[in-house]
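The data block below is coords-v9.pdb; it holds PDB, C-alpha atoms, pLDDT in the B column.
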```
ATOM      1  CA  MET A   1      39.124 -10.343  20.356  1.00 85.00           C
ATOM      2  CA  ILE A   2      38.231  -7.389  18.156  1.00 89.00           C
ATOM      3  CA  ASP A   3      37.750  -4.139  20.049  1.00 91.00           C
ATOM      4  CA  CYS A   4      34.321  -2.607  19.487  1.00 90.00           C
ATOM      5  CA  ALA A   5      35.960   0.638  18.343  1.00 89.00           C
ATOM      6  CA  ALA A   6      37.569  -1.310  15.490  1.00 90.00           C
ATOM      7  CA  CYS A   7      34.496  -3.401  14.587  1.00 90.00           C
ATOM      8  CA  PRO A   8      34.798  -4.372  10.899  1.00 90.00           C
ATOM      9  CA  LEU A   9      31.049  -3.984  10.466  1.00 91.00           C
ATOM     10  CA  HIS A  10      31.440  -0.222  10.899  1.00 86.00           C
ATOM     11  CA  LYS A  11      33.079  -0.198   7.478  1.00 83.00           C
ATOM     12  CA  ARG A  12      29.886  -1.544   5.939  1.00 86.00           C
ATOM     13  CA  PRO A  13      27.748   1.267   4.459  1.00 82.00           C
ATOM     14  CA  MET A  14      24.450  -0.038   5.853  1.00 88.00           C
ATOM     15  CA  PHE A  15      25.332   0.297   9.570  1.00 91.00           C
ATOM     16  CA  LEU A  16      25.177   3.355  11.770  1.00 88.00           C
ATOM     17  CA  PRO A  17      28.435   4.079  13.632  1.00 87.00           C
ATOM     18  CA  PHE A  18      28.722   3.742  17.400  1.00 88.00           C
ATOM     19  CA  THR A  19      28.913   6.892  19.476  1.00 88.00           C
ATOM     20  CA  PRO A  20      31.842   7.065  21.944  1.00 90.00           C
ATOM     21  CA  GLU A  21      29.399   6.283  24.765  1.00 89.00           C
ATOM     22  CA  GLU A  22      28.054   3.250  22.909  1.00 88.00           C
ATOM     23  CA  ILE A  23      31.575   1.931  22.347  1.00 90.00           C
ATOM     24  CA  VAL A  24      32.251   2.068  26.089  1.00 90.00           C
ATOM     25  CA  PHE A  25      29.011   0.200  26.836  1.00 88.00           C
ATOM     26  CA  MET A  26      29.521  -2.418  24.109  1.00 89.00           C
ATOM     27  CA  ARG A  27      33.041  -3.168  25.374  1.00 90.00           C
ATOM     28  CA  GLY A  28      31.485  -4.200  28.668  1.00 88.00           C
ATOM     29  CA  PHE A  29      28.477  -5.924  27.106  1.00 89.00           C
ATOM     30  CA  LYS A  30      30.515  -8.147  24.769  1.00 92.00           C
ATOM     31  CA  VAL A  31      32.061 -11.122  26.557  1.00 93.00           C
ATOM     32  CA  SER A  32      33.859 -13.048  23.784  1.00 94.00           C
ATOM     33  CA  GLU A  33      33.888 -14.139  20.163  1.00 95.00           C
ATOM     34  CA  ASP A  34      33.218 -17.554  18.664  1.00 95.00           C
ATOM     35  CA  THR A  35      33.537 -19.275  15.302  1.00 96.00           C
ATOM     36  CA  PHE A  36      31.357 -21.834  13.550  1.00 97.00           C
ATOM     37  CA  GLN A  37      31.816 -24.030  10.508  1.00 97.00           C
ATOM     38  CA  PRO A  38      29.252 -24.820   7.784  1.00 95.00           C
ATOM     39  CA  GLY A  39      26.601 -27.108   9.208  1.00 93.00           C
ATOM     40  CA  ASP A  40      27.198 -26.085  12.838  1.00 95.00           C
ATOM     41  CA  THR A  41      24.125 -25.016  14.794  1.00 93.00           C
ATOM     42  CA  LEU A  42      24.498 -21.719  16.622  1.00 93.00           C
ATOM     43  CA  LEU A  43      21.107 -21.846  18.308  1.00 90.00           C
ATOM     44  CA  HIS A  44      18.800 -24.852  18.682  1.00 87.00           C
ATOM     45  CA  GLN A  45      15.029 -24.775  18.510  1.00 88.00           C
ATOM     46  CA  GLY A  46      13.653 -25.339  22.023  1.00 82.00           C
ATOM     47  CA  GLU A  47      16.980 -24.374  23.617  1.00 84.00           C
ATOM     48  CA  ARG A  48      17.242 -21.962  26.540  1.00 80.00           C
ATOM     49  CA  SER A  49      20.455 -20.414  25.300  1.00 78.00           C
ATOM     50  CA  ASP A  50      22.463 -18.231  27.661  1.00 83.00           C
ATOM     51  CA  ARG A  51      24.255 -16.573  24.725  1.00 87.00           C
ATOM     52  CA  LEU A  52      23.287 -13.915  22.201  1.00 91.00           C
ATOM     53  CA  PHE A  53      25.233 -13.212  19.011  1.00 94.00           C
ATOM     54  CA  THR A  54      25.993 -10.514  16.487  1.00 94.00           C
ATOM     55  CA  VAL A  55      27.286 -11.929  13.218  1.00 95.00           C
ATOM     56  CA  LEU A  56      30.667 -10.412  12.361  1.00 94.00           C
ATOM     57  CA  ASP A  57      31.226 -12.499   9.257  1.00 93.00           C
ATOM     58  CA  GLY A  58      29.460 -15.336   7.469  1.00 95.00           C
ATOM     59  CA  PHE A  59      25.953 -16.503   6.619  1.00 95.00           C
ATOM     60  CA  ALA A  60      23.356 -18.839   8.102  1.00 95.00           C
ATOM     61  CA  THR A  61      19.753 -19.980   7.809  1.00 92.00           C
ATOM     62  CA  ARG A  62      16.956 -19.733  10.359  1.00 91.00           C
ATOM     63  CA  SER A  63      14.639 -22.729  10.266  1.00 90.00           C
ATOM     64  CA  ILE A  64      11.780 -24.379  12.141  1.00 88.00           C
ATOM     65  CA  GLN A  65      11.603 -28.153  12.467  1.00 82.00           C
ATOM     66  CA  LEU A  66       8.148 -29.706  12.545  1.00 83.00           C
ATOM     67  CA  GLU A  67       7.229 -32.631  14.758  1.00 81.00           C
ATOM     68  CA  ASP A  68       7.518 -35.097  11.861  1.00 84.00           C
ATOM     69  CA  GLY A  69      11.065 -33.937  11.096  1.00 77.00           C
ATOM     70  CA  ARG A  70      10.344 -31.686   8.134  1.00 81.00           C
ATOM     71  CA  ARG A  71      12.238 -28.385   8.090  1.00 81.00           C
ATOM     72  CA  GLN A  72      11.022 -24.965   7.025  1.00 84.00           C
ATOM     73  CA  VAL A  73      13.607 -22.275   6.295  1.00 88.00           C
ATOM     74  CA  VAL A  74      12.230 -19.059   7.778  1.00 85.00           C
ATOM     75  CA  ASN A  75      14.824 -16.620   6.449  1.00 87.00           C
ATOM     76  CA  PHE A  76      18.529 -16.049   5.974  1.00 92.00           C
ATOM     77  CA  VAL A  77      21.160 -14.591   8.304  1.00 93.00           C
ATOM     78  CA  PHE A  78      23.660 -11.951   7.167  1.00 93.00           C
ATOM     79  CA  PRO A  79      26.606 -10.087   8.733  1.00 94.00           C
ATOM     80  CA  GLY A  80      25.364  -7.609  11.320  1.00 93.00           C
ATOM     81  CA  ASP A  81      22.290  -9.641  12.293  1.00 93.00           C
ATOM     82  CA  PHE A  82      21.541 -10.059  16.001  1.00 91.00           C
ATOM     83  CA  LEU A  83      20.689 -13.632  17.021  1.00 91.00           C
ATOM     84  CA  GLY A  84      19.064 -15.103  20.110  1.00 86.00           C
ATOM     85  CA  LEU A  85      16.726 -12.268  21.100  1.00 80.00           C
ATOM     86  CA  GLN A  86      13.814 -14.697  20.953  1.00 66.00           C
ATOM     87  CA  ALA A  87      15.369 -16.863  23.683  1.00 56.00           C
ATOM     88  CA  GLY A  88      16.394 -13.746  25.596  1.00 50.00           C
ATOM     89  CA  ILE A  89      12.782 -12.574  25.804  1.00 59.00           C
ATOM     90  CA  MET A  90      10.675 -15.753  25.550  1.00 57.00           C
ATOM     91  CA  GLY A  91      12.942 -18.143  27.442  1.00 62.00           C
ATOM     92  CA  GLU A  92      13.696 -20.526  24.585  1.00 72.00           C
ATOM     93  CA  MET A  93      14.351 -20.486  20.866  1.00 78.00           C
ATOM     94  CA  ARG A  94      11.385 -21.152  18.589  1.00 79.00           C
ATOM     95  CA  HIS A  95      13.679 -21.753  15.611  1.00 85.00           C
ATOM     96  CA  SER A  96      17.241 -22.949  14.905  1.00 90.00           C
ATOM     97  CA  VAL A  97      20.143 -21.070  13.324  1.00 93.00           C
ATOM     98  CA  GLN A  98      22.591 -23.130  11.273  1.00 93.00           C
ATOM     99  CA  ALA A  99      25.796 -21.872   9.637  1.00 95.00           C
ATOM    100  CA  THR A 100      25.904 -21.948   5.837  1.00 94.00           C
ATOM    101  CA  THR A 101      29.479 -20.657   5.604  1.00 94.00           C
ATOM    102  CA  PRO A 102      32.309 -20.251   8.141  1.00 96.00           C
ATOM    103  CA  MET A 103      31.104 -17.689  10.669  1.00 96.00           C
ATOM    104  CA  ARG A 104      32.571 -15.411  13.307  1.00 96.00           C
ATOM    105  CA  VAL A 105      30.292 -13.872  15.927  1.00 96.00           C
ATOM    106  CA  CYS A 106      30.401 -11.530  18.900  1.00 95.00           C
ATOM    107  CA  VAL A 107      29.031 -13.184  22.034  1.00 95.00           C
ATOM    108  CA  PHE A 108      26.886 -11.539  24.711  1.00 92.00           C
ATOM    109  CA  GLN A 109      25.440 -12.994  27.898  1.00 88.00           C
ATOM    110  CA  ARG A 110      21.671 -13.347  27.848  1.00 85.00           C
ATOM    111  CA  SER A 111      21.530 -12.436  31.559  1.00 82.00           C
ATOM    112  CA  ARG A 112      22.949  -8.989  30.770  1.00 83.00           C
ATOM    113  CA  LEU A 113      20.227  -8.164  28.261  1.00 82.00           C
ATOM    114  CA  TRP A 114      18.231  -6.519  31.030  1.00 82.00           C
ATOM    115  CA  ASP A 115      21.226  -4.304  31.850  1.00 82.00           C
ATOM    116  CA  LEU A 116      20.907  -2.919  28.346  1.00 83.00           C
ATOM    117  CA  PHE A 117      17.229  -2.054  28.830  1.00 84.00           C
ATOM    118  CA  ARG A 118      17.842  -0.592  32.287  1.00 85.00           C
ATOM    119  CA  ASP A 119      21.050   1.359  31.711  1.00 85.00           C
ATOM    120  CA  LYS A 120      21.127   2.187  27.994  1.00 86.00           C
ATOM    121  CA  PRO A 121      17.668   3.173  26.712  1.00 87.00           C
ATOM    122  CA  ASP A 122      19.166   4.299  23.383  1.00 88.00           C
ATOM    123  CA  ARG A 123      20.630   0.814  22.844  1.00 88.00           C
ATOM    124  CA  ALA A 124      17.324  -0.714  23.957  1.00 87.00           C
ATOM    125  CA  TYR A 125      15.552   1.393  21.330  1.00 88.00           C
ATOM    126  CA  ASP A 126      17.995   0.094  18.701  1.00 89.00           C
ATOM    127  CA  LEU A 127      17.153  -3.460  19.737  1.00 86.00           C
ATOM    128  CA  THR A 128      13.440  -2.694  19.470  1.00 86.00           C
ATOM    129  CA  TRP A 129      14.027  -1.174  16.024  1.00 87.00           C
ATOM    130  CA  ILE A 130      15.812  -4.345  14.891  1.00 86.00           C
ATOM    131  CA  ALA A 131      12.927  -6.506  16.152  1.00 84.00           C
ATOM    132  CA  ALA A 132      10.393  -4.275  14.370  1.00 85.00           C
ATOM    133  CA  VAL A 133      12.289  -4.572  11.069  1.00 82.00           C
ATOM    134  CA  GLU A 134      12.350  -8.357  11.402  1.00 81.00           C
ATOM    135  CA  GLU A 135       8.602  -8.358  12.071  1.00 78.00           C
ATOM    136  CA  HIS A 136       8.030  -6.228   8.968  1.00 78.00           C
ATOM    137  CA  PHE A 137      10.136  -8.597   6.858  1.00 79.00           C
ATOM    138  CA  LEU A 138       8.196 -11.586   8.193  1.00 79.00           C
ATOM    139  CA  GLY A 139       4.943  -9.906   7.136  1.00 82.00           C
ATOM    140  CA  GLU A 140       6.366  -9.268   3.673  1.00 82.00           C
ATOM    141  CA  THR A 141       7.421 -12.911   3.464  1.00 84.00           C
ATOM    142  CA  ILE A 142       3.926 -14.123   4.388  1.00 81.00           C
ATOM    143  CA  ALA A 143       2.419 -11.832   1.739  1.00 82.00           C
ATOM    144  CA  THR A 144       4.877 -13.231  -0.804  1.00 83.00           C
ATOM    145  CA  LEU A 145       4.028 -16.846   0.007  1.00 81.00           C
ATOM    146  CA  GLY A 146       0.305 -16.119  -0.043  1.00 82.00           C
ATOM    147  CA  GLN A 147      -0.073 -13.806  -3.032  1.00 84.00           C
ATOM    148  CA  ARG A 148       2.914 -14.038  -5.387  1.00 87.00           C
ATOM    149  CA  ASP A 149       3.307 -16.778  -7.986  1.00 91.00           C
ATOM    150  CA  ALA A 150       6.511 -18.815  -8.266  1.00 92.00           C
ATOM    151  CA  THR A 151       8.257 -16.412 -10.658  1.00 94.00           C
ATOM    152  CA  GLU A 152       7.380 -13.412  -8.497  1.00 93.00           C
ATOM    153  CA  ARG A 153       8.479 -15.252  -5.325  1.00 93.00           C
ATOM    154  CA  VAL A 154      11.909 -16.125  -6.672  1.00 94.00           C
ATOM    155  CA  ALA A 155      12.331 -12.634  -8.142  1.00 94.00           C
ATOM    156  CA  TRP A 156      11.390 -11.132  -4.761  1.00 91.00           C
ATOM    157  CA  ALA A 157      13.855 -13.322  -2.844  1.00 92.00           C
ATOM    158  CA  LEU A 158      16.758 -12.704  -5.217  1.00 93.00           C
ATOM    159  CA  ALA A 159      16.055  -8.974  -5.260  1.00 91.00           C
ATOM    160  CA  ARG A 160      15.961  -8.819  -1.464  1.00 90.00           C
ATOM    161  CA  ILE A 161      19.172 -10.871  -1.070  1.00 90.00           C
ATOM    162  CA  TRP A 162      20.987  -8.811  -3.717  1.00 89.00           C
ATOM    163  CA  GLN A 163      19.791  -5.609  -2.043  1.00 87.00           C
ATOM    164  CA  ARG A 164      21.113  -6.717   1.364  1.00 88.00           C
ATOM    165  CA  LEU A 165      24.472  -7.990   0.080  1.00 88.00           C
ATOM    166  CA  SER A 166      24.987  -4.829  -1.969  1.00 86.00           C
ATOM    167  CA  ALA A 167      24.236  -2.688   1.095  1.00 85.00           C
ATOM    168  CA  LEU A 168      26.834  -4.692   3.007  1.00 88.00           C
ATOM    169  CA  GLY A 169      29.395  -3.861   0.345  1.00 85.00           C
ATOM    170  CA  LEU A 170      29.695  -7.543  -0.583  1.00 84.00           C
ATOM    171  CA  GLY A 171      29.164  -7.115  -4.284  1.00 75.00           C
ATOM    172  CA  THR A 172      28.979  -4.709  -7.199  1.00 71.00           C
ATOM    173  CA  THR A 173      26.144  -3.150  -9.157  1.00 67.00           C
ATOM    174  CA  GLU A 174      26.290  -6.248 -11.368  1.00 69.00           C
ATOM    175  CA  GLY A 175      26.466  -9.119  -8.926  1.00 78.00           C
ATOM    176  CA  VAL A 176      27.120 -10.604  -5.504  1.00 86.00           C
ATOM    177  CA  GLN A 177      28.490 -13.835  -4.082  1.00 86.00           C
ATOM    178  CA  LEU A 178      25.441 -15.878  -3.091  1.00 87.00           C
ATOM    179  CA  PRO A 179      26.277 -18.443  -0.388  1.00 88.00           C
ATOM    180  CA  PHE A 180      22.847 -20.090  -0.278  1.00 90.00           C
ATOM    181  CA  ARG A 181      21.793 -23.016  -2.466  1.00 89.00           C
ATOM    182  CA  GLN A 182      18.710 -23.300  -4.621  1.00 89.00           C
ATOM    183  CA  HIS A 183      17.155 -25.959  -2.381  1.00 89.00           C
ATOM    184  CA  GLU A 184      17.422 -23.574   0.616  1.00 90.00           C
ATOM    185  CA  LEU A 185      15.778 -20.824  -1.412  1.00 90.00           C
ATOM    186  CA  ALA A 186      13.073 -23.296  -2.471  1.00 91.00           C
ATOM    187  CA  ASP A 187      12.424 -24.246   1.145  1.00 89.00           C
ATOM    188  CA  ALA A 188      12.137 -20.614   2.206  1.00 88.00           C
ATOM    189  CA  LEU A 189       9.664 -19.876  -0.607  1.00 90.00           C
ATOM    190  CA  GLY A 190       7.472 -22.966  -0.224  1.00 87.00           C
ATOM    191  CA  LEU A 191       8.485 -24.348  -3.616  1.00 88.00           C
ATOM    192  CA  SER A 192      10.026 -27.614  -4.723  1.00 90.00           C
ATOM    193  CA  ALA A 193      13.703 -27.602  -5.674  1.00 90.00           C
ATOM    194  CA  VAL A 194      12.767 -28.551  -9.249  1.00 93.00           C
ATOM    195  CA  HIS A 195      10.215 -25.739  -9.537  1.00 92.00           C
ATOM    196  CA  THR A 196      12.723 -23.247  -8.145  1.00 92.00           C
ATOM    197  CA  SER A 197      15.404 -24.368 -10.591  1.00 92.00           C
ATOM    198  CA  ARG A 198      12.987 -23.971 -13.504  1.00 94.00           C
ATOM    199  CA  THR A 199      11.934 -20.556 -12.261  1.00 94.00           C
ATOM    200  CA  VAL A 200      15.556 -19.378 -11.979  1.00 93.00           C
ATOM    201  CA  SER A 201      16.035 -20.611 -15.559  1.00 93.00           C
ATOM    202  CA  THR A 202      12.985 -18.582 -16.602  1.00 94.00           C
ATOM    203  CA  LEU A 203      14.419 -15.452 -15.026  1.00 94.00           C
ATOM    204  CA  ARG A 204      17.694 -16.149 -16.810  1.00 93.00           C
ATOM    205  CA  GLU A 205      15.904 -16.532 -20.155  1.00 93.00           C
ATOM    206  CA  MET A 206      14.092 -13.251 -19.494  1.00 94.00           C
ATOM    207  CA  GLY A 207      17.503 -11.585 -19.232  1.00 94.00           C
ATOM    208  CA  LEU A 208      17.072 -10.623 -15.575  1.00 94.00           C
ATOM    209  CA  VAL A 209      19.606 -12.684 -13.605  1.00 92.00           C
ATOM    210  CA  ALA A 210      22.385 -15.231 -13.913  1.00 90.00           C
ATOM    211  CA  TRP A 211      23.066 -17.541 -10.943  1.00 88.00           C
ATOM    212  CA  LYS A 212      26.039 -19.834 -11.384  1.00 83.00           C
ATOM    213  CA  ARG A 213      28.802 -21.228  -9.166  1.00 79.00           C
ATOM    214  CA  GLY A 214      27.660 -19.291  -6.131  1.00 84.00           C
ATOM    215  CA  LYS A 215      27.455 -15.905  -7.837  1.00 87.00           C
ATOM    216  CA  LEU A 216      24.285 -13.979  -8.579  1.00 90.00           C
ATOM    217  CA  ASN A 217      24.640 -11.508 -11.444  1.00 90.00           C
ATOM    218  CA  MET A 218      21.932  -8.890 -11.902  1.00 89.00           C
ATOM    219  CA  LEU A 219      21.437  -8.391 -15.619  1.00 91.00           C
ATOM    220  CA  ASP A 220      18.470  -6.021 -15.345  1.00 92.00           C
ATOM    221  CA  PRO A 221      17.869  -5.013 -11.703  1.00 90.00           C
ATOM    222  CA  GLN A 222      15.070  -2.557 -12.475  1.00 91.00           C
ATOM    223  CA  ARG A 223      12.980  -5.141 -14.320  1.00 93.00           C
ATOM    224  CA  LEU A 224      13.642  -7.745 -11.614  1.00 93.00           C
ATOM    225  CA  PHE A 225      12.474  -5.395  -8.868  1.00 93.00           C
ATOM    226  CA  THR A 226       9.405  -4.478 -10.910  1.00 94.00           C
ATOM    227  CA  LEU A 227       8.550  -8.159 -11.361  1.00 93.00           C
ATOM    228  CA  ALA A 228       9.070  -8.695  -7.619  1.00 90.00           C
ATOM    229  CA  GLY A 229       6.759  -5.780  -6.785  1.00 89.00           C
ATOM    230  CA  LEU A 230       9.509  -3.964  -4.901  1.00 87.00           C
ATOM    231  CA  PRO A 231      10.763  -0.378  -5.101  1.00 85.00           C
ATOM    232  CA  MET A 232      14.403  -0.273  -6.158  1.00 79.00           C
ATOM    233  CA  GLU A 233      15.855   1.690  -3.270  1.00 75.00           C
ATOM    234  CA  ARG A 234      18.805   1.487  -0.920  1.00 74.00           C
ATOM    235  CA  GLU A 235      18.600  -0.439   2.324  1.00 75.00           C
ATOM    236  CA  GLU A 236      17.938   1.872   5.253  1.00 79.00           C
ATOM    237  CA  GLN A 237      20.938   2.293   7.549  1.00 85.00           C
ATOM    238  CA  ARG A 238      20.488   0.254  10.688  1.00 89.00           C
ATOM    239  CA  PRO A 239      21.985   0.104  14.177  1.00 89.00           C
ATOM    240  CA  LEU A 240      24.371  -2.583  15.383  1.00 88.00           C
ATOM    241  CA  ILE A 241      24.183  -4.441  18.655  1.00 88.00           C
TER     242      ILE A 241
END
```
Just dump the structure as structure tokens.
Amino acid sequence: MIDCAACPLHKRPMFLPFTPEEIVFMRGFKVSEDTFQPGDTLLHQGERSDRLFTVLDGFATRSIQLEDGRRQVVNFVFPGDFLGLQAGIMGEMRHSVQATTPMRVCVFQRSRLWDLFRDKPDRAYDLTWIAAVEEHFLGETIATLGQRDATERVAWALARIWQRLSALGLGTTEGVQLPFRQHELADALGLSAVHTSRTVSTLREMGLVAWKRGKLNMLDPQRLFTLAGLPMEREEQRPLI
């Protein structure tokens, strides 16, 4: 098991480093590590999970399954994301998390979440900050689905994913490895797979992006961000749990 002082995520430019005191606490808070393969479900909708996770490596999707079996991708999971807080606070998961690639995660006991709030208010604030950022992103997603057309939606999603992967140091100024498929992107954006494919082709013809064999190349990032209605700025550094 990786010692918290040697956490590989600390090498990623987007994460704030642990203080010595935080390392001591996290060593006691972390109970194990686990691995998952593509298609495995880390957390099930409706489940009262006793485990919380921080993603060390790998990617996943968050999705909600409707009563008739249809699935809605809510958003995507990246290294450094904290999973299971919903069950930790509300008692059960309201969405599922499914691995897209091989994953490795740190495991925490849900029952010890209250120790964090009681004994480490600075860590509790970090957790609140993470939840607030996720709420902000959800609001941005709703605005995208409600107000942006298909071209703007796809541009927004690709810009956001490229921005996150670049901040994680998982790409270059030109491109990143994109583990998600077009049908997953379509689901997340409320578009059909065919419409999404045509829209990606449109962006390619406009000279903005190239998406082929799992790699997203940014041909003109500034124009893509302008089309997406986003400022082209670095991801804000964030805390790790």
Using all atoms listed in the file, which residues of range 19-53 of chain A come within 12 Å of range 74-81 of chain A, and what is the closest atom pair for each, with the distance in Å to one decimal? Give it as a Markdown table, sorted by chain and residue number.
```
| residue | atom | partner | partner_atom | distance |
| --- | --- | --- | --- | --- |
| A:Leu42 | CA | A:Val77 | CA | 11.5 |
| A:Leu52 | CA | A:Asp81 | CA | 10.8 |
| A:Phe53 | CA | A:Asp81 | CA | 8.2 |
```
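In this structure, CA of Ala143 in chain A sits 20.8 Å away from CA of Ala193 in chain A.
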Counting all atoms listed in the file, which residues come within 12 Å of (18.6, -28.2, -0.3), with the point read in the file's coordinates, and could you list them as a VMD selection string? chain A and resid 61 71 to 73 100 180 to 188 191 to 194 196 to 197
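Between Leu189 in chain A and the residues A:Pro231, A:Gly146, A:Gly58, A:Pro221, the shortest atom-to-atom distance, using only C-alpha atoms, involves A:Gly146.
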Residue neighbourhood Val55 in chain A, 10 Å, all atoms listed in the file, exclusion window fewer than 5 positions, as a PyMOL selection string: chain A and resi 9+33-35+60+77-83+103-107+241
Tell me, as a PDB file with C-alpha atoms, in the coordinates of the input, which residues lie within 12 Å of range 122-125 of chain A, counting all atoms listed in the file; anything in the same chain fewer than 2 positions away does not count.
```pdb
ATOM      1  CA  PHE A  18      28.722   3.742  17.400  1.00 88.00           C
ATOM      2  CA  THR A  19      28.913   6.892  19.476  1.00 88.00           C
ATOM      3  CA  GLU A  21      29.399   6.283  24.765  1.00 89.00           C
ATOM      4  CA  GLU A  22      28.054   3.250  22.909  1.00 88.00           C
ATOM      5  CA  ILE A  23      31.575   1.931  22.347  1.00 90.00           C
ATOM      6  CA  PHE A  25      29.011   0.200  26.836  1.00 88.00           C
ATOM      7  CA  MET A  26      29.521  -2.418  24.109  1.00 89.00           C
ATOM      8  CA  PHE A  29      28.477  -5.924  27.106  1.00 89.00           C
ATOM      9  CA  LEU A  85      16.726 -12.268  21.100  1.00 80.00           C
ATOM     10  CA  LEU A 113      20.227  -8.164  28.261  1.00 82.00           C
ATOM     11  CA  TRP A 114      18.231  -6.519  31.030  1.00 82.00           C
ATOM     12  CA  ASP A 115      21.226  -4.304  31.850  1.00 82.00           C
ATOM     13  CA  LEU A 116      20.907  -2.919  28.346  1.00 83.00           C
ATOM     14  CA  PHE A 117      17.229  -2.054  28.830  1.00 84.00           C
ATOM     15  CA  ARG A 118      17.842  -0.592  32.287  1.00 85.00           C
ATOM     16  CA  ASP A 119      21.050   1.359  31.711  1.00 85.00           C
ATOM     17  CA  LYS A 120      21.127   2.187  27.994  1.00 86.00           C
ATOM     18  CA  LEU A 127      17.153  -3.460  19.737  1.00 86.00           C
ATOM     19  CA  THR A 128      13.440  -2.694  19.470  1.00 86.00           C
ATOM     20  CA  TRP A 129      14.027  -1.174  16.024  1.00 87.00           C
ATOM     21  CA  ILE A 130      15.812  -4.345  14.891  1.00 86.00           C
ATOM     22  CA  ALA A 131      12.927  -6.506  16.152  1.00 84.00           C
ATOM     23  CA  ALA A 132      10.393  -4.275  14.370  1.00 85.00           C
ATOM     24  CA  ARG A 238      20.488   0.254  10.688  1.00 89.00           C
ATOM     25  CA  PRO A 239      21.985   0.104  14.177  1.00 89.00           C
ATOM     26  CA  LEU A 240      24.371  -2.583  15.383  1.00 88.00           C
ATOM     27  CA  ILE A 241      24.183  -4.441  18.655  1.00 88.00           C
TER      28      ILE A 241
END
```
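The coordinates place CA of Ile142 in chain A at 23.9 Å from CA of Val209 in chain A.
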Enclose all atoms of range 126-137 of chain A listed in the file in an axis-aligned box, grow every side by 6 Å, and hand back centre and edge lengths in Å to one decimal, as lines of an AutoDock Vina configuration file.
```
center_x = 13.0
center_y = -4.3
center_z = 13.3
size_x = 22.0
size_y = 20.7
size_z = 24.9
```
Students should find that CA of Arg204 in chain A and CA of Ala167 in chain A are spaced 23.3 Å
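Among the candidates A:Leu219, A:Ala6, A:Ala157, A:Val97, the one nearest to Phe137 in chain A when counting only C-alpha atoms is A:Ala157.
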Output as a PDB file, keeping the file's coordinate frame: range 177-181 of chain A, completed with all heavy atoms.
```pdb
ATOM      1  N   GLN A 177      28.275 -12.437  -4.414  1.00 86.00           N
ATOM      2  CA  GLN A 177      28.490 -13.835  -4.082  1.00 86.00           C
ATOM      3  C   GLN A 177      27.290 -14.320  -3.268  1.00 86.00           C
ATOM      4  O   GLN A 177      26.946 -13.728  -2.253  1.00 86.00           O
ATOM      5  CB  GLN A 177      29.786 -14.005  -3.284  1.00 86.00           C
ATOM      6  CG  GLN A 177      31.049 -13.674  -4.056  1.00 86.00           C
ATOM      7  CD  GLN A 177      31.273 -14.607  -5.246  1.00 86.00           C
ATOM      8  OE1 GLN A 177      31.008 -15.808  -5.173  1.00 86.00           O
ATOM      9  NE2 GLN A 177      31.761 -14.042  -6.341  1.00 86.00           N
ATOM     10  N   LEU A 178      26.647 -15.378  -3.739  1.00 87.00           N
ATOM     11  CA  LEU A 178      25.441 -15.878  -3.091  1.00 87.00           C
ATOM     12  C   LEU A 178      25.748 -17.215  -2.420  1.00 87.00           C
ATOM     13  O   LEU A 178      25.923 -18.233  -3.094  1.00 87.00           O
ATOM     14  CB  LEU A 178      24.322 -16.044  -4.126  1.00 87.00           C
ATOM     15  CG  LEU A 178      22.949 -16.421  -3.584  1.00 87.00           C
ATOM     16  CD1 LEU A 178      22.467 -15.381  -2.593  1.00 87.00           C
ATOM     17  CD2 LEU A 178      21.944 -16.559  -4.730  1.00 87.00           C
ATOM     18  N   PRO A 179      25.838 -17.239  -1.084  1.00 88.00           N
ATOM     19  CA  PRO A 179      26.277 -18.443  -0.388  1.00 88.00           C
ATOM     20  C   PRO A 179      25.194 -19.499  -0.226  1.00 88.00           C
ATOM     21  O   PRO A 179      25.486 -20.630   0.148  1.00 88.00           O
ATOM     22  CB  PRO A 179      26.708 -17.906   0.983  1.00 88.00           C
ATOM     23  CG  PRO A 179      25.834 -16.729   1.203  1.00 88.00           C
ATOM     24  CD  PRO A 179      25.636 -16.111  -0.153  1.00 88.00           C
ATOM     25  N   PHE A 180      23.939 -19.145  -0.493  1.00 90.00           N
ATOM     26  CA  PHE A 180      22.847 -20.090  -0.278  1.00 90.00           C
ATOM     27  C   PHE A 180      22.587 -20.910  -1.541  1.00 90.00           C
ATOM     28  O   PHE A 180      22.811 -20.448  -2.650  1.00 90.00           O
ATOM     29  CB  PHE A 180      21.580 -19.340   0.146  1.00 90.00           C
ATOM     30  CG  PHE A 180      21.800 -18.435   1.331  1.00 90.00           C
ATOM     31  CD1 PHE A 180      21.787 -17.061   1.188  1.00 90.00           C
ATOM     32  CD2 PHE A 180      22.049 -18.968   2.583  1.00 90.00           C
ATOM     33  CE1 PHE A 180      22.003 -16.223   2.267  1.00 90.00           C
ATOM     34  CE2 PHE A 180      22.277 -18.137   3.675  1.00 90.00           C
ATOM     35  CZ  PHE A 180      22.256 -16.773   3.508  1.00 90.00           C
ATOM     36  N   ARG A 181      22.065 -22.115  -1.350  1.00 89.00           N
ATOM     37  CA  ARG A 181      21.793 -23.016  -2.466  1.00 89.00           C
ATOM     38  C   ARG A 181      20.327 -22.920  -2.881  1.00 89.00           C
ATOM     39  O   ARG A 181      19.477 -22.461  -2.129  1.00 89.00           O
ATOM     40  CB  ARG A 181      22.155 -24.456  -2.091  1.00 89.00           C
ATOM     41  CG  ARG A 181      23.635 -24.638  -1.754  1.00 89.00           C
ATOM     42  CD  ARG A 181      23.940 -26.090  -1.419  1.00 89.00           C
ATOM     43  NE  ARG A 181      25.338 -26.267  -1.075  1.00 89.00           N
ATOM     44  CZ  ARG A 181      26.320 -26.461  -1.943  1.00 89.00           C
ATOM     45  NH1 ARG A 181      26.025 -26.537  -3.236  1.00 89.00           N
ATOM     46  NH2 ARG A 181      27.558 -26.617  -1.552  1.00 89.00           N
TER      47      ARG A 181
END
```
